[in-house]
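Asker: Dropping in entry.pdb, which is PDB, C-alpha atoms:
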```pdb
MODEL        1
ATOM      1  CA  MET A  13       0.000   0.000   0.000
ATOM      2  CA  LYS A  14       1.450   3.381  -1.007
ATOM      3  CA  ILE A  15       0.603   6.293   1.264
ATOM      4  CA  GLY A  16       1.435   9.221  -0.949
ATOM      5  CA  GLU A  17       4.557  11.300  -1.115
ATOM      6  CA  GLU A  18       6.344  12.886   1.827
ATOM      7  CA  PRO A  19       4.307  11.478   4.725
ATOM      8  CA  GLU A  20       4.494  13.850   7.690
ATOM      9  CA  GLY A  21       2.039  13.269  10.540
ATOM     10  CA  VAL A  22       0.650   9.971  11.834
ATOM     11  CA  THR A  23      -2.165   9.927  14.407
ATOM     12  CA  ILE A  24      -4.484   7.167  15.601
ATOM     13  CA  ARG A  25      -8.183   7.936  16.105
ATOM     14  CA  PRO A  26      -9.079   7.595  19.822
ATOM     15  CA  ASP A  27     -10.912   4.279  19.292
ATOM     16  CA  GLY A  28      -7.754   2.775  17.745
ATOM     17  CA  ARG A  29      -9.572   1.556  14.613
ATOM     18  CA  VAL A  30      -8.245   4.088  12.104
ATOM     19  CA  VAL A  31      -4.917   5.846  11.610
ATOM     20  CA  TYR A  32      -4.587   9.108   9.667
ATOM     21  CA  VAL A  33      -1.381   9.942   7.776
ATOM     22  CA  THR A  34      -0.734  13.369   6.242
ATOM     23  CA  SER A  35       1.063  13.549   2.904
ATOM     24  CA  GLU A  36       2.723  16.871   2.083
ATOM     25  CA  GLY A  37       3.362  15.918  -1.532
ATOM     26  CA  ASP A  38      -0.260  14.908  -2.149
ATOM     27  CA  GLY A  39      -1.968  17.624  -0.111
ATOM     28  CA  ALA A  40      -4.050  14.854   1.426
ATOM     29  CA  VAL A  41      -4.741  12.763   4.488
ATOM     30  CA  PHE A  42      -4.890   8.988   4.136
ATOM     31  CA  ALA A  43      -7.294   7.047   6.395
ATOM     32  CA  ILE A  44      -6.094   3.487   7.080
ATOM     33  CA  ASP A  45      -7.987   0.676   8.821
ATOM     34  CA  THR A  46      -5.774  -0.593  11.663
ATOM     35  CA  GLN A  47      -7.275  -4.110  11.558
ATOM     36  CA  THR A  48      -6.806  -4.776   7.840
ATOM     37  CA  ASN A  49      -4.050  -2.231   7.037
ATOM     38  CA  LYS A  50      -6.134  -1.209   3.991
ATOM     39  CA  MET A  51      -6.570   2.369   2.913
ATOM     40  CA  LEU A  52     -10.129   3.509   3.527
ATOM     41  CA  ARG A  53      -9.891   6.853   1.786
ATOM     42  CA  ARG A  54      -7.613   9.558   0.445
ATOM     43  CA  ILE A  55      -8.934  12.888   1.733
ATOM     44  CA  PRO A  56      -7.746  15.978  -0.205
ATOM     45  CA  VAL A  57      -7.232  18.839   2.269
ATOM     46  CA  GLY A  58      -4.832  21.387   0.737
ATOM     47  CA  PRO A  59      -1.116  22.125   0.436
ATOM     48  CA  ARG A  60       1.351  20.776   2.969
ATOM     49  CA  PRO A  61      -0.748  19.123   5.678
ATOM     50  CA  ARG A  62       1.273  18.612   8.848
ATOM     51  CA  SER A  63      -0.272  17.532  12.140
ATOM     52  CA  ILE A  64      -3.554  15.866  13.063
ATOM     53  CA  GLY A  65      -5.662  16.104  16.215
ATOM     54  CA  PHE A  66      -8.827  14.080  16.863
ATOM     55  CA  LEU A  67     -11.686  15.075  19.138
ATOM     56  CA  PRO A  68     -11.893  12.561  22.023
ATOM     57  CA  ASP A  69     -15.076  10.994  20.613
ATOM     58  CA  GLY A  70     -13.351  10.436  17.251
ATOM     59  CA  SER A  71     -15.999  12.389  15.335
ATOM     60  CA  ARG A  72     -13.705  15.005  13.799
ATOM     61  CA  ALA A  73     -10.060  15.491  12.962
ATOM     62  CA  TYR A  74      -8.256  18.823  12.665
ATOM     63  CA  VAL A  75      -5.294  19.030  10.274
ATOM     64  CA  SER A  76      -2.796  21.900  10.061
ATOM     65  CA  LEU A  77      -2.222  23.200   6.509
ATOM     66  CA  GLU A  78       1.117  24.960   6.716
ATOM     67  CA  ASN A  79       1.177  26.625   3.289
ATOM     68  CA  ASP A  80      -2.451  27.776   3.390
ATOM     69  CA  GLY A  81      -2.423  29.221   6.891
ATOM     70  CA  ALA A  82      -5.524  27.176   7.648
ATOM     71  CA  ILE A  83      -6.911  24.185   9.515
ATOM     72  CA  ALA A  84      -8.827  21.475   7.646
ATOM     73  CA  VAL A  85     -11.774  19.926   9.471
ATOM     74  CA  ILE A  86     -12.514  16.290   8.599
ATOM     75  CA  ASP A  87     -15.483  14.077   9.433
ATOM     76  CA  ALA A  88     -13.380  11.306  10.998
ATOM     77  CA  ARG A  89     -16.127   8.693  10.809
ATOM     78  CA  GLN A  90     -16.954   9.151   7.118
ATOM     79  CA  HIS A  91     -13.404  10.310   6.256
ATOM     80  CA  ARG A  92     -14.614  13.383   4.374
ATOM     81  CA  PHE A  93     -13.346  16.955   4.241
ATOM     82  CA  LEU A  94     -15.835  19.311   5.915
ATOM     83  CA  ARG A  95     -14.344  22.816   5.862
ATOM     84  CA  ARG A  96     -11.342  25.099   6.307
ATOM     85  CA  ILE A  97     -10.693  27.476   9.152
ATOM     86  CA  GLU A  98      -8.405  30.359   8.214
ATOM     87  CA  LEU A  99      -5.829  31.635  10.705
ATOM     88  CA  GLU A 100      -5.347  35.378  10.595
ATOM     89  CA  GLY A 101      -2.465  37.540  11.736
ATOM     90  CA  LYS A 102      -2.810  41.052  13.124
ATOM     91  CA  GLY A 103      -1.878  44.253  11.348
ATOM     92  CA  ASN A 104       0.962  43.795   8.873
ATOM     93  CA  THR A 105       2.156  40.502  10.325
ATOM     94  CA  PRO A 106       2.704  37.543   8.015
ATOM     95  CA  LYS A 107       0.034  34.898   7.634
ATOM     96  CA  PRO A 108       0.332  32.222  10.352
ATOM     97  CA  ARG A 109       1.735  28.855   9.249
ATOM     98  CA  PRO A 110       0.069  26.190  11.406
ATOM     99  CA  MET A 111       2.259  23.285  12.481
ATOM    100  CA  GLY A 112       1.394  21.314  15.628
ATOM    101  CA  ILE A 113      -2.061  20.411  16.927
ATOM    102  CA  ALA A 114      -3.212  19.192  20.343
ATOM    103  CA  VAL A 115      -6.786  18.659  21.524
ATOM    104  CA  HIS A 116      -7.980  19.321  25.075
ATOM    105  CA  PRO A 117      -8.821  16.034  26.854
ATOM    106  CA  ASP A 118     -12.498  17.024  27.124
ATOM    107  CA  GLY A 119     -12.646  18.149  23.471
ATOM    108  CA  SER A 120     -13.480  21.747  24.368
ATOM    109  CA  MET A 121     -10.510  23.318  22.571
ATOM    110  CA  VAL A 122      -8.004  22.602  19.800
ATOM    111  CA  TYR A 123      -4.552  24.190  20.163
ATOM    112  CA  VAL A 124      -2.472  25.061  17.093
ATOM    113  CA  THR A 125       1.161  26.203  16.952
ATOM    114  CA  THR A 126       2.196  28.491  14.105
ATOM    115  CA  GLY A 127       5.928  28.188  13.520
ATOM    116  CA  SER A 128       7.423  31.505  12.406
ATOM    117  CA  PHE A 129       4.299  33.381  13.562
ATOM    118  CA  SER A 130       5.277  32.501  17.187
ATOM    119  CA  HIS A 131       1.683  32.079  18.419
ATOM    120  CA  LEU A 132      -0.508  29.392  19.924
ATOM    121  CA  PHE A 133      -4.045  29.576  18.529
ATOM    122  CA  PHE A 134      -7.133  28.427  20.455
ATOM    123  CA  LEU A 135      -9.815  26.924  18.193
ATOM    124  CA  ASP A 136     -13.297  26.226  19.569
ATOM    125  CA  PRO A 137     -14.498  22.979  17.914
ATOM    126  CA  ALA A 138     -18.142  23.658  18.884
ATOM    127  CA  LYS A 139     -18.091  26.726  16.606
ATOM    128  CA  ASN A 140     -15.135  25.752  14.397
ATOM    129  CA  ALA A 141     -13.776  29.225  15.023
ATOM    130  CA  ILE A 142     -10.602  30.770  16.438
ATOM    131  CA  VAL A 143     -11.125  32.162  19.949
ATOM    132  CA  THR A 144      -7.755  33.809  20.560
ATOM    133  CA  SER A 145      -4.024  33.524  20.061
ATOM    134  CA  PHE A 146      -0.932  34.782  21.844
ATOM    135  CA  GLU A 147       2.831  34.615  21.500
ATOM    136  CA  VAL A 148       4.407  31.577  23.179
ATOM    137  CA  GLY A 149       7.940  31.324  21.818
ATOM    138  CA  GLN A 150      10.281  31.491  18.876
ATOM    139  CA  ARG A 151       8.906  29.327  16.069
ATOM    140  CA  PRO A 152       6.764  26.906  18.103
ATOM    141  CA  TRP A 153       6.169  23.655  16.274
ATOM    142  CA  GLY A 154       5.224  20.715  18.469
ATOM    143  CA  VAL A 155       2.545  21.055  21.152
ATOM    144  CA  ALA A 156       1.313  18.687  23.876
ATOM    145  CA  LEU A 157      -0.979  18.922  26.908
ATOM    146  CA  LEU A 158      -0.883  17.369  30.346
ATOM    147  CA  PRO A 159      -3.718  14.836  30.828
ATOM    148  CA  ASP A 160      -5.594  17.239  33.158
ATOM    149  CA  GLY A 161      -5.815  19.793  30.328
ATOM    150  CA  LYS A 162      -4.445  22.653  32.425
ATOM    151  CA  THR A 163      -0.935  22.962  30.979
ATOM    152  CA  ALA A 164       0.462  22.941  27.450
ATOM    153  CA  TYR A 165       4.042  22.700  26.221
ATOM    154  CA  THR A 166       5.388  24.024  22.924
ATOM    155  CA  ALA A 167       8.758  23.122  21.397
ATOM    156  CA  ASN A 168      10.450  26.318  20.189
ATOM    157  CA  GLY A 169      13.208  25.356  17.730
ATOM    158  CA  PRO A 170      15.405  28.427  17.188
ATOM    159  CA  SER A 171      15.414  29.468  20.860
ATOM    160  CA  ASN A 172      16.280  25.917  22.021
ATOM    161  CA  ASP A 173      13.533  25.817  24.637
ATOM    162  CA  VAL A 174      10.075  24.567  25.566
ATOM    163  CA  SER A 175       7.365  26.966  26.751
ATOM    164  CA  VAL A 176       5.155  25.934  29.671
ATOM    165  CA  ILE A 177       1.701  27.480  29.189
ATOM    166  CA  ASP A 178      -1.082  27.902  31.742
ATOM    167  CA  LEU A 179      -4.141  27.369  29.536
ATOM    168  CA  ALA A 180      -6.597  28.991  31.977
ATOM    169  CA  THR A 181      -4.711  32.296  32.135
ATOM    170  CA  ARG A 182      -3.310  31.931  28.605
ATOM    171  CA  THR A 183       0.190  32.855  29.695
ATOM    172  CA  VAL A 184       3.668  31.413  29.358
ATOM    173  CA  VAL A 185       4.699  30.663  32.944
ATOM    174  CA  LYS A 186       8.160  29.275  32.253
ATOM    175  CA  LYS A 187      10.656  28.360  29.539
ATOM    176  CA  ILE A 188      12.792  25.236  29.858
ATOM    177  CA  ALA A 189      16.115  24.835  28.035
ATOM    178  CA  ALA A 190      15.781  21.843  25.696
ATOM    179  CA  GLY A 191      18.990  21.401  23.715
ATOM    180  CA  GLN A 192      19.449  22.106  20.030
ATOM    181  CA  ARG A 193      16.350  23.044  17.988
ATOM    182  CA  PRO A 194      13.511  21.068  19.606
ATOM    183  CA  TRP A 195      10.644  20.518  17.150
ATOM    184  CA  GLY A 196       8.436  18.072  19.007
ATOM    185  CA  VAL A 197       7.141  17.547  22.509
ATOM    186  CA  VAL A 198       5.409  14.537  24.059
ATOM    187  CA  VAL A 199       3.808  14.127  27.473
ATOM    188  CA  VAL A 200       4.245  10.627  28.930
ATOM    189  CA  GLY A 201       2.288   9.153  31.811
ATOM    190  CA  ARG A 202      -0.896  10.077  33.536
TER     191      ARG A 202
ENDMDL
END
```
Here is a file; write its structure as structure tokens.
Answerer:
Amino acid sequence: MKIGEEPEGVTIRPDGRVVYVTSEGDGAVFAIDTQTNKMLRRIPVGPRPRSIGFLPDGSRAYVSLENDGAIAVIDARQHRFLRRIELEGKGNTPKPRPMGIAVHPDGSMVYVTTGSFSHLFFLDPAKNAIVTSFEVGQRPWGVALLPDGKTAYTANGPSNDVSVIDLATRTVVKKIAAGQRPWGVVVVGR
């Protein structure tokens, strides 16, 4: 089975029955059945899809589209593209380039890092709309949340650190040195 060109992100739907793989070269997401290893569908989403985040109930997936400055929303049960959500900068700033995605454990918010735009965006999945954004670090890429949903971490490549973010107050409370150019962050344990 060929999964397109330049695969980037791989994420398993919460029920474990389907895996989504983004393909930068195809501008698509591939849905694969984990039991049979057969491709269920190729879902065109737009140029350079990166990361994928599923709502906890597995009903929708959110995919960052780096080159379009947008988020693709997918019906993760029918494996169909639903809509795009545009990310907007302020004033004369460049268009945000979404990279990492993390979903709040209760499904109430989707968090999106924006690389060179330096912001973390908050997307309300009930409205499929951006609520707010704020600067979190130099070129944040990867993002992860603690299981309680109170704290997020972003990997900030050029500044060689990880931002610790209080999600309730929407502030960076600390930066942790992380070696050379961290691009990803994972939270392990419960």
Asker: Residues within 12 Å of Val30 of chain A, please, as a ChimeraX atom specification. Count only C-alpha atoms; anything in the same chain fewer than 5 positions from it doesn't count.
Answerer: /A:22-25,42-53,66,70-71,73,88-91
Asker: Within 6 Å of segment 113-125 of chain A, counting all atoms listed in the file, which residues show up once you throw out same-chain ones fewer than 3 positions away? Write them as a ChimeraX atom specification, please.
Answerer: /A:63,65,67-68,110,132-136,152-153,156,161
Asker: Would you write out those residues with C-alpha atoms, as a compact mmCIF listing (two decimals), in the frame of the given file?
Answerer:
```txt
# COMPACT_ATOMS: atom_id res chain seq x y z
CA SER A 63 -0.27 17.53 12.14
CA GLY A 65 -5.66 16.10 16.22
CA LEU A 67 -11.69 15.08 19.14
CA PRO A 68 -11.89 12.56 22.02
CA PRO A 110 0.07 26.19 11.41
CA LEU A 132 -0.51 29.39 19.92
CA PHE A 133 -4.04 29.58 18.53
CA PHE A 134 -7.13 28.43 20.45
CA LEU A 135 -9.82 26.92 18.19
CA ASP A 136 -13.30 26.23 19.57
CA PRO A 152 6.76 26.91 18.10
CA TRP A 153 6.17 23.66 16.27
CA ALA A 156 1.31 18.69 23.88
CA GLY A 161 -5.82 19.79 30.33
```
Asker: Provide the atom CA of Ala189 of chain A to atom CA of Ser145 of chain A distance in Å, to one decimal place.
Answerer: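 Calculated distance between atom CA of Ala189 of chain A and atom CA of Ser145 of chain A is 23.3 Å.
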Asker: Determine, counting only C-alpha atoms, which protein, DNA and RNA residues have an atom within 9 Å of an atom of Lys186 of chain A; residues of the same chain fewer than 5 positions away are not included. Present the result as an MDAnalysis selection string.
Answerer: chainID A and resid 174:177
Asker: Could you check how far atom CA of Arg95 of chain A sits from atom CA of Pro61 of chain A, in Å to one decimal?
Answerer: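 Atom-to-atom, atom CA of Arg95 of chain A to atom CA of Pro61 of chain A, that is 14.1 Å.
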Asker: Please list as an MDAnalysis selection string every residue within 9 Å of Ala82 of chain A, counting all atoms listed in the file and excluding residues in the same chain fewer than 3 positions away.
Answerer: chainID A and resid 75:79 96:100 108:110
Asker: Find the residues near segment 56-59 of chain A: any atom within 8 Å, counting only C-alpha atoms, skip ones fewer than 3 places away on the same chain, and give them as JSON, numbers by chain.
Answerer: {"A": [36, 37, 38, 39, 40, 41, 77, 78, 79, 80, 84, 93]}
Asker: Work out how far apart atom CA of Val185 of chain A and atom CA of Pro106 of chain A are and give it in Å to one decimal.
Answerer: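 Pair atom CA of Val185 of chain A / atom CA of Pro106 of chain A returns 25.9 Å.
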Asker: Need the axis-aligned box for segment 51-70 of chain A with 8 Å each side, so what are the centre and edges in Å to one decimal, as lines of an AutoDock Vina configuration file?
Answerer:
```
center_x = -6.9
center_y = 12.2
center_z = 10.9
size_x = 32.4
size_y = 35.8
size_z = 38.2
```
Asker: Have a look at A:Ala167, A:Asp27, A:Ile142, A:Arg62 and name the one nearest to Gly101 of chain A; count all atoms listed in the file.
Answerer: A:Ile142
Asker: How would you write as a list in words the residues that get within 10 Å of (-6.6, 27.4, 34.0) in the file's frame, counting all atoms listed in the file?
Answerer: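 Counting all atoms listed in the file, I find these residues within 10 Å of (-6.6, 27.4, 34.0): Gly161, Lys162, Thr163, Ile177, Asp178, Leu179, Ala180, Thr181, Arg182 and Thr183 of chain A.
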Asker: Counting all atoms listed in the file, figure out which residue out of A:Asp69, A:Ala141, A:Leu157, A:Gln150 gets nearest to Pro194 of chain A.
Answerer: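 Checking each candidate against Pro194 of chain A, we get A:Gln150 as the closest.
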Asker: Any chance you could resolve the PyMOL selection byres ((chain A and resi 199) around 9) against this file and give the residues as a list in words?
Answerer: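 Expected selection for the PyMOL selection byres ((chain A and resi 199) around 9) here is Ala156, Leu157, Leu158, Pro159, Tyr165, Val197, Val198, Val200, Gly201 and Arg202 of chain A.
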Asker: Considering all atoms listed in the file, can you say which of A:Arg72, A:Ile86, A:Asn172, A:Glu20 comes closest to Arg60 of chain A?
Answerer: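 Ranking A:Arg72, A:Ile86, A:Asn172, A:Glu20 by distance to Arg60 of chain A, first place goes to A:Glu20.
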Asker: Decode the PyMOL selection byres ((chain A and resi 171) around 8) for the given file into explicit residues and return them as an MDAnalysis selection string.
Answerer: chainID A and resid 149:150 168:170 172:173 193
Asker: Got time to write the residues from that selection, C-alpha atoms, as a compact mmCIF listing (two decimals), in the coordinates of the input?
Answerer:
```
# COMPACT_ATOMS: atom_id res chain seq x y z
CA GLY A 149 7.94 31.32 21.82
CA GLN A 150 10.28 31.49 18.88
CA ASN A 168 10.45 26.32 20.19
CA GLY A 169 13.21 25.36 17.73
CA PRO A 170 15.40 28.43 17.19
CA ASN A 172 16.28 25.92 22.02
CA ASP A 173 13.53 25.82 24.64
CA ARG A 193 16.35 23.04 17.99
```
Asker: Using only C-alpha atoms, find the one residue out of A:Thr166, A:Arg29, A:Asp160, A:Val143 that sits nearest to Gly127 of chain A.
Answerer: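 The closest residue to Gly127 of chain A is A:Thr166.
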